[in-house]
Amino acid sequence: MDNQGNGWNNSGRGNGQWDRWNSDSSNSSYYNQPTHRPYGQSFGIAAGVCGLLSMTTSCTIILSLPLGALGILFAVLSHRKGKKMSGTCATGLALSAAGLTFAVAMMVYSFVMMPVLMKNESFRNQVDTMTEQMYGVSFTDLMEEYYGYSYEE
């Protein structure tokens, strides 16, 4: 270890050799300068990943809602004043908004169409059979017992 205590071998200075990792600008070349990661890129990538997952899981509704909201949040957090939004961030924002919109539309559609579908005898028999297999009671009895709602006309 050298006398500066930084762990680098700087002992060659006195004999005409220089350490290429030395931060002294008089001896370093342009190509050996340390680089840093671009700032603000991590939130843009997180927005892109959440947007992609939100769009692909939008049929499950449960996963798509939080992923879409997180994607929009990350996109807003990555956008700084006076800076242009990166392509990854814009794509993540668009996919998050689309996934969120599609999940909400699927939820509204399922709530609107459930009473219409339950009037169909074959659909109601399928739902009753599945509910009996899972819970031991038919769907019609379950709805009457817990919610006081009857599908009978």
# chains A, B, ... in the order shown; residues from 1 in each chain; ligands from 1

$ residues_around --residues "Ala94 (chain A)" --least-positions-apart "5" --cutoff "9 Å" --atoms "only C-alpha atoms" --output "PyMOL selection string"
chain A and resi 48+51+72+89+99

$ write_last_selection --atoms "C-alpha atoms" --output "short mmCIF file (atom, residue, chain, number, x, y, z; two decimals), in the first residue's frame"
data_model
loop_
_atom_site.label_atom_id
_atom_site.label_comp_id
_atom_site.auth_asym_id
_atom_site.auth_seq_id
_atom_site.Cartn_x
_atom_site.Cartn_y
_atom_site.Cartn_z
CA GLY A 48 -40.21 0.53 -18.69
CA GLY A 51 -45.07 -0.78 -17.98
CA ILE A 72 -46.43 5.92 -14.09
CA CYS A 89 -39.18 6.26 -19.84
CA GLY A 99 -52.04 -1.57 -19.03
#

$ residues_around --residues "His79 (chain A)" --least-positions-apart "3" --cutoff "10 Å" --atoms "only C-alpha atoms" --output "list in words"
Gly40, Gln41, Phe43, Gly44, Phe74, Ala75, Val76, Gly82, Lys83, Lys84, Met85, Ser86, Cys89 and Ala90 of chain A

$ write_last_selection --atoms "C-alpha atoms" --output "PDB file, in the first residue's frame"
ATOM      1  CA  GLY A  40     -31.854   9.336 -13.811  1.00  0.00           C
ATOM      2  CA  GLN A  41     -31.702   6.223 -15.955  1.00  0.00           C
ATOM      3  CA  PHE A  43     -36.190   5.241 -12.767  1.00  0.00           C
ATOM      4  CA  GLY A  44     -36.674   5.211 -16.547  1.00  0.00           C
ATOM      5  CA  PHE A  74     -41.367   5.936 -11.889  1.00  0.00           C
ATOM      6  CA  ALA A  75     -41.805   7.741 -15.204  1.00  0.00           C
ATOM      7  CA  VAL A  76     -42.820  10.941 -13.411  1.00  0.00           C
ATOM      8  CA  GLY A  82     -35.796  21.032 -18.353  1.00  0.00           C
ATOM      9  CA  LYS A  83     -34.741  17.545 -19.407  1.00  0.00           C
ATOM     10  CA  LYS A  84     -36.282  15.588 -22.240  1.00  0.00           C
ATOM     11  CA  MET A  85     -37.900  12.282 -21.287  1.00  0.00           C
ATOM     12  CA  SER A  86     -35.829   9.292 -22.395  1.00  0.00           C
ATOM     13  CA  CYS A  89     -39.179   6.265 -19.841  1.00  0.00           C
ATOM     14  CA  ALA A  90     -41.708   7.376 -22.477  1.00  0.00           C
TER      15      ALA A  90
END

$ select_by_dssp --residues "region 63-149 of chain A" --states "helix (DSSP H, G or I)" --output "NGL selection string"
:A and (64-78 or 87-118 or 121-135 or 139-146)

$ closest_residue --among "A:Met55, A:Met130, A:Ile61, A:Ile45" --to "Met106 (chain A)" --atoms "only C-alpha atoms"
A:Ile61

$ closest_residue --among "A:Leu142, A:Met118, A:Ala47, A:Leu65" --to "Gly87 (chain A)" --atoms "only C-alpha atoms"
A:Ala47

$ atom_distance --atom1 "CA of Met114 (chain A)" --atom2 "CA of Thr56 (chain A)"
24.1 Å

$ atom_distance --atom1 "CA of Thr60 (chain A)" --atom2 "CA of Val104 (chain A)"
10.9 Å
